[in-house]
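Structure record follows, encoded as structure tokens.
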Amino acid sequence: MTHRKPIASWLTDMDGVLMHEGVPVPGADAFVKRLRESERPFLVLTNNSIYTPRDLSARLSRIGLDVPASNIWTSALATARFLEDQHPGGTAYVIGEAGLTTALHDAGYILTDVDPDFVILGETRTYSFEALTKAIRLINKGARFIATNPDSTGPSPEGDLPATGSVAALITKATGKEPYFVGKPNPLMMRTGLNTIGAHSESSAMIGDRMDTDVLAGLEAGMETFLVLTGLTGPGDVERYPFRPTRVVESIADLVELV
């Protein structure tokens, strides 16, 4: 077994790890408190592009988790960083909420529906047929297609909701063009996040509740990976995948002592 450096920085998913259906997971407050006291670099990650880091910080604060906005990394921020590096000062037609539009504005992008360089699809609770039709026509005219994340469904108290990946599939079916997905499991999201906090993959760990996004992204980014069983993955699911996390634990409470 390869000898790894001690864990100096932590990345953790939010839903299913720190909270579940709006309620904090037991031990999450102790984990966050230990991270803050240790002054180690850390990020809370989410593929959800609806909210800004300030929105998410306030939501976490309401359930007793003290995470500053500067320690939150969303697929919207990763998408904006990717576009800023690849095509600075570009234009985009955006389907999404404030989390995505704010990140793109901050990256110097102009949002327009007139000959944009990119069509960017993010999470929204109100996908309109008109907006999707416009996106399809712009892609057919040559705009490049980017999506914040590939998740096909998202959680809600009433049950699953169609998410970015499902809507992207509709656009792909109509245009023949596949999007470039920036969010997990793309290791790009992890690497840009690590760069933001000045951390290195060989001394970092990723905590998640999903094998197909969190663990896969951490693995491909060269990080140590911890799977918690408080979200979407059960103990019997791990064996179905051709890769494994470094460790499987019941919940984030089991990792407090490692910080």
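Chain labels follow the order of the structure tokens: the first chain is A, the next B, and so on; residue numbering restarts at 1 in every chain, and ligands are counted from 1 in their shown order.
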
Exercise for the section: Give me the residues within 9 Å of Ile171 in chain A as a PyMOL selection string, counting only C-alpha atoms and dropping any in the same chain fewer than 5 places off. Expected result: chain A and resi 132-133+135-136+139+176-179

Exercise for the section: Excluding range 151-158 of chain A and residues on its chain fewer than 2 positions from it, collect all residues at most 12 Å away from it, counting only C-alpha atoms, and give them as a ChimeraX atom specification. Expected result: /A:15-16,20-23,46-50,75,122-125,147-149,160-170,181-186,210,212-214,231-232

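Here CA of Ser9 in chain A and CA of Leu56 in chain A stand 20.7 Å from one another.
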
Tell me, as a PDB file with C-alpha atoms, in the first residue's frame, which residues lie within 12 Å of Val32 in chain A, counting only C-alpha atoms; anything in the same chain fewer than 4 positions away does not count.
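Contents of around.pdb, as written:
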ATOM      1  CA  TRP A  10     -10.117  18.537   4.189  1.00  0.00           C
ATOM      2  CA  LEU A  11     -12.801  18.703   1.521  1.00  0.00           C
ATOM      3  CA  THR A  12     -16.276  17.510   2.431  1.00  0.00           C
ATOM      4  CA  MET A  14     -22.490  19.012   2.229  1.00  0.00           C
ATOM      5  CA  VAL A  17     -22.401  14.349   5.055  1.00  0.00           C
ATOM      6  CA  LEU A  18     -22.912  17.501   7.143  1.00  0.00           C
ATOM      7  CA  MET A  19     -26.692  17.676   6.791  1.00  0.00           C
ATOM      8  CA  PRO A  24     -27.438  18.471  10.735  1.00  0.00           C
ATOM      9  CA  VAL A  25     -25.913  14.990  10.865  1.00  0.00           C
ATOM     10  CA  PRO A  26     -24.897  14.148  14.477  1.00  0.00           C
ATOM     11  CA  GLY A  27     -21.203  14.977  14.837  1.00  0.00           C
ATOM     12  CA  ALA A  28     -21.150  17.534  11.994  1.00  0.00           C
ATOM     13  CA  ARG A  36     -12.088  25.847  12.550  1.00  0.00           C
ATOM     14  CA  GLU A  37      -9.982  25.452  15.716  1.00  0.00           C
ATOM     15  CA  SER A  38      -7.201  23.539  13.919  1.00  0.00           C
ATOM     16  CA  GLU A  39      -6.950  26.342  11.307  1.00  0.00           C
ATOM     17  CA  ARG A  40      -6.391  23.687   8.650  1.00  0.00           C
ATOM     18  CA  PRO A  41      -7.525  24.585   5.126  1.00  0.00           C
ATOM     19  CA  PHE A  42     -10.958  23.126   4.376  1.00  0.00           C
ATOM     20  CA  LEU A  43     -13.814  23.421   1.905  1.00  0.00           C
ATOM     21  CA  VAL A  44     -17.436  22.351   1.976  1.00  0.00           C
ATOM     22  CA  LEU A  60     -25.632  26.153   7.532  1.00  0.00           C
ATOM     23  CA  SER A  61     -25.459  28.722  10.339  1.00  0.00           C
ATOM     24  CA  GLY A  64     -25.686  25.293  13.972  1.00  0.00           C
ATOM     25  CA  LEU A  65     -22.814  24.744  11.514  1.00  0.00           C
ATOM     26  CA  ASP A  66     -20.387  27.661  11.425  1.00  0.00           C
ATOM     27  CA  VAL A  67     -18.897  27.587   7.920  1.00  0.00           C
ATOM     28  CA  PRO A  68     -17.683  30.917   6.458  1.00  0.00           C
ATOM     29  CA  ASN A  71     -14.880  27.886   2.873  1.00  0.00           C
ATOM     30  CA  ILE A 252     -18.685  12.273   9.996  1.00  0.00           C
ATOM     31  CA  ALA A 253     -18.671  11.818  13.780  1.00  0.00           C
ATOM     32  CA  LEU A 255     -13.683  11.444  11.581  1.00  0.00           C
ATOM     33  CA  VAL A 256     -13.560  14.201  14.224  1.00  0.00           C
ATOM     34  CA  GLU A 257     -10.507  12.629  15.871  1.00  0.00           C
ATOM     35  CA  VAL A 259      -8.644  16.477  12.310  1.00  0.00           C
TER      36      VAL A 259
END

Exercise for the section: Apply DSSP to the backbone of this structure and, from range 33-241 of chain A, keep only the residues in helix (DSSP H, G or I); write these as a PyMOL selection string. Expected result: chain A and resi 33-38+53-62+69-71+75-86+98-106+129-140+164-175+187-196+201-203+211-220+235-240

Problem - Residues flagged strand (DSSP E or B) by DSSP in range 39-221 of chain A, as an MDAnalysis selection string - result: chainID A and resid 42:46 72:74 91:95 110:111 118:121 144:147 153:154 161:162 180:181 204:208

With N, CA, C and O atoms retained, export the selected residues as a compact mmCIF listing (two decimals), in the first residue's frame.
# COMPACT_ATOMS: atom_id res chain seq x y z
N PHE A 42 -9.86 24.05 4.66
CA PHE A 42 -10.96 23.13 4.38
C PHE A 42 -11.97 23.78 3.47
O PHE A 42 -12.07 25.01 3.40
N LEU A 43 -12.72 22.95 2.76
CA LEU A 43 -13.81 23.42 1.90
C LEU A 43 -15.01 22.50 2.06
O LEU A 43 -14.85 21.28 2.14
N VAL A 44 -16.18 23.10 2.08
CA VAL A 44 -17.44 22.35 1.98
C VAL A 44 -17.87 22.46 0.52
O VAL A 44 -17.99 23.57 -0.02
N LEU A 45 -18.06 21.32 -0.14
CA LEU A 45 -18.39 21.31 -1.56
C LEU A 45 -19.84 20.93 -1.81
O LEU A 45 -20.42 20.14 -1.06
N THR A 46 -20.39 21.51 -2.87
CA THR A 46 -21.72 21.08 -3.32
C THR A 46 -21.81 21.21 -4.83
O THR A 46 -21.32 22.18 -5.41
N ILE A 72 -16.67 27.64 1.26
CA ILE A 72 -17.69 26.90 0.50
C ILE A 72 -17.35 26.98 -0.98
O ILE A 72 -17.06 28.05 -1.50
N TRP A 73 -17.37 25.83 -1.64
CA TRP A 73 -17.01 25.74 -3.05
C TRP A 73 -18.14 25.03 -3.80
O TRP A 73 -18.46 23.90 -3.50
N THR A 74 -18.78 25.74 -4.72
CA THR A 74 -19.92 25.20 -5.45
C THR A 74 -19.55 24.89 -6.90
O THR A 74 -18.55 25.40 -7.42
N THR A 91 -18.94 35.70 -23.17
CA THR A 91 -20.37 35.95 -23.04
C THR A 91 -21.10 34.61 -22.90
O THR A 91 -20.64 33.59 -23.43
N ALA A 92 -22.23 34.64 -22.21
CA ALA A 92 -22.94 33.38 -21.97
C ALA A 92 -24.44 33.61 -21.83
O ALA A 92 -24.88 34.62 -21.27
N TYR A 93 -25.19 32.64 -22.35
CA TYR A 93 -26.62 32.56 -22.07
C TYR A 93 -26.76 31.55 -20.94
O TYR A 93 -26.28 30.41 -21.06
N VAL A 94 -27.37 31.96 -19.84
CA VAL A 94 -27.38 31.14 -18.63
C VAL A 94 -28.79 30.73 -18.24
O VAL A 94 -29.70 31.56 -18.20
N ILE A 95 -28.96 29.45 -17.97
CA ILE A 95 -30.17 28.96 -17.32
C ILE A 95 -29.74 28.54 -15.92
O ILE A 95 -28.98 27.58 -15.76
N ILE A 110 -20.23 38.47 -19.43
CA ILE A 110 -21.44 39.21 -19.81
C ILE A 110 -22.51 38.18 -20.13
O ILE A 110 -22.29 37.25 -20.92
N LEU A 111 -23.68 38.34 -19.51
CA LEU A 111 -24.79 37.40 -19.74
C LEU A 111 -25.71 37.98 -20.80
O LEU A 111 -26.22 39.09 -20.66
N PHE A 118 -21.04 30.84 -24.98
CA PHE A 118 -21.42 29.61 -24.28
C PHE A 118 -22.90 29.63 -23.90
O PHE A 118 -23.46 30.70 -23.63
N VAL A 119 -23.50 28.45 -23.86
CA VAL A 119 -24.76 28.23 -23.14
C VAL A 119 -24.39 27.48 -21.88
O VAL A 119 -23.72 26.44 -21.94
N ILE A 120 -24.78 28.03 -20.73
CA ILE A 120 -24.40 27.42 -19.45
C ILE A 120 -25.67 27.01 -18.71
O ILE A 120 -26.52 27.84 -18.41
N LEU A 121 -25.75 25.72 -18.43
CA LEU A 121 -26.91 25.17 -17.74
C LEU A 121 -26.56 24.86 -16.29
O LEU A 121 -25.59 24.17 -16.02
N ARG A 144 -21.06 27.07 -27.40
CA ARG A 144 -20.55 25.86 -26.75
C ARG A 144 -21.35 25.59 -25.48
O ARG A 144 -21.76 26.51 -24.80
N PHE A 145 -21.54 24.32 -25.19
CA PHE A 145 -22.48 23.88 -24.15
C PHE A 145 -21.72 23.45 -22.89
O PHE A 145 -20.90 22.52 -22.95
N ILE A 146 -21.98 24.12 -21.78
CA ILE A 146 -21.38 23.81 -20.48
C ILE A 146 -22.51 23.54 -19.48
O ILE A 146 -23.52 24.24 -19.49
N ALA A 147 -22.33 22.56 -18.61
CA ALA A 147 -23.30 22.32 -17.53
C ALA A 147 -22.54 22.25 -16.21
O ALA A 147 -21.42 21.75 -16.14
N THR A 153 -30.75 13.67 -10.62
CA THR A 153 -31.83 14.05 -9.70
C THR A 153 -31.26 14.75 -8.48
O THR A 153 -30.08 14.62 -8.16
N GLY A 154 -32.11 15.49 -7.81
CA GLY A 154 -31.74 16.16 -6.56
C GLY A 154 -32.80 15.88 -5.51
O GLY A 154 -33.95 15.55 -5.85
N LEU A 161 -36.17 15.33 -7.47
CA LEU A 161 -36.47 16.34 -8.48
C LEU A 161 -35.52 16.13 -9.66
O LEU A 161 -34.37 15.74 -9.45
N PRO A 162 -35.98 16.40 -10.89
CA PRO A 162 -35.02 16.34 -12.00
C PRO A 162 -33.97 17.43 -11.82
O PRO A 162 -34.31 18.56 -11.44
N TYR A 180 -19.97 19.97 -21.50
CA TYR A 180 -18.83 19.69 -20.62
C TYR A 180 -19.33 19.93 -19.21
O TYR A 180 -19.76 21.04 -18.87
N PHE A 181 -19.30 18.89 -18.38
CA PHE A 181 -19.75 18.99 -16.99
C PHE A 181 -18.56 19.37 -16.10
O PHE A 181 -17.56 18.65 -16.08
N SER A 204 -4.44 15.82 1.16
CA SER A 204 -5.84 16.22 1.37
C SER A 204 -6.75 15.01 1.36
O SER A 204 -6.42 13.97 0.78
N ALA A 205 -7.91 15.18 2.00
CA ALA A 205 -8.91 14.10 2.04
C ALA A 205 -10.26 14.64 1.59
O ALA A 205 -10.58 15.81 1.83
N MET A 206 -11.04 13.77 0.95
CA MET A 206 -12.40 14.10 0.53
C MET A 206 -13.38 13.20 1.27
O MET A 206 -13.20 11.98 1.32
N ILE A 207 -14.41 13.81 1.86
CA ILE A 207 -15.46 13.06 2.55
C ILE A 207 -16.75 13.20 1.73
O ILE A 207 -17.15 14.33 1.40
N GLY A 208 -17.39 12.08 1.44
CA GLY A 208 -18.63 12.16 0.68
C GLY A 208 -19.57 11.03 1.03
O GLY A 208 -19.20 10.07 1.72

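One distance worth recording is that between CA of Leu216 in chain A and CA of Met189 in chain A, which is 11.9 Å.
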
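From CA of Ala30 in chain A back to CA of Ile197 in chain A, the distance works out to 21.5 Å.
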
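Proximity ranking of A:Leu138, A:Ala98, A:Ala78, A:Leu258 relative to Thr196 in chain A places A:Ala78 first, based on only C-alpha atoms.
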
Fill in the blank from the handout: With distances taken over only C-alpha atoms, the candidate from A:Asp117, A:Thr102, A:Asp209, A:Ser251 nearest Gly89 in chain A is A:Asp117
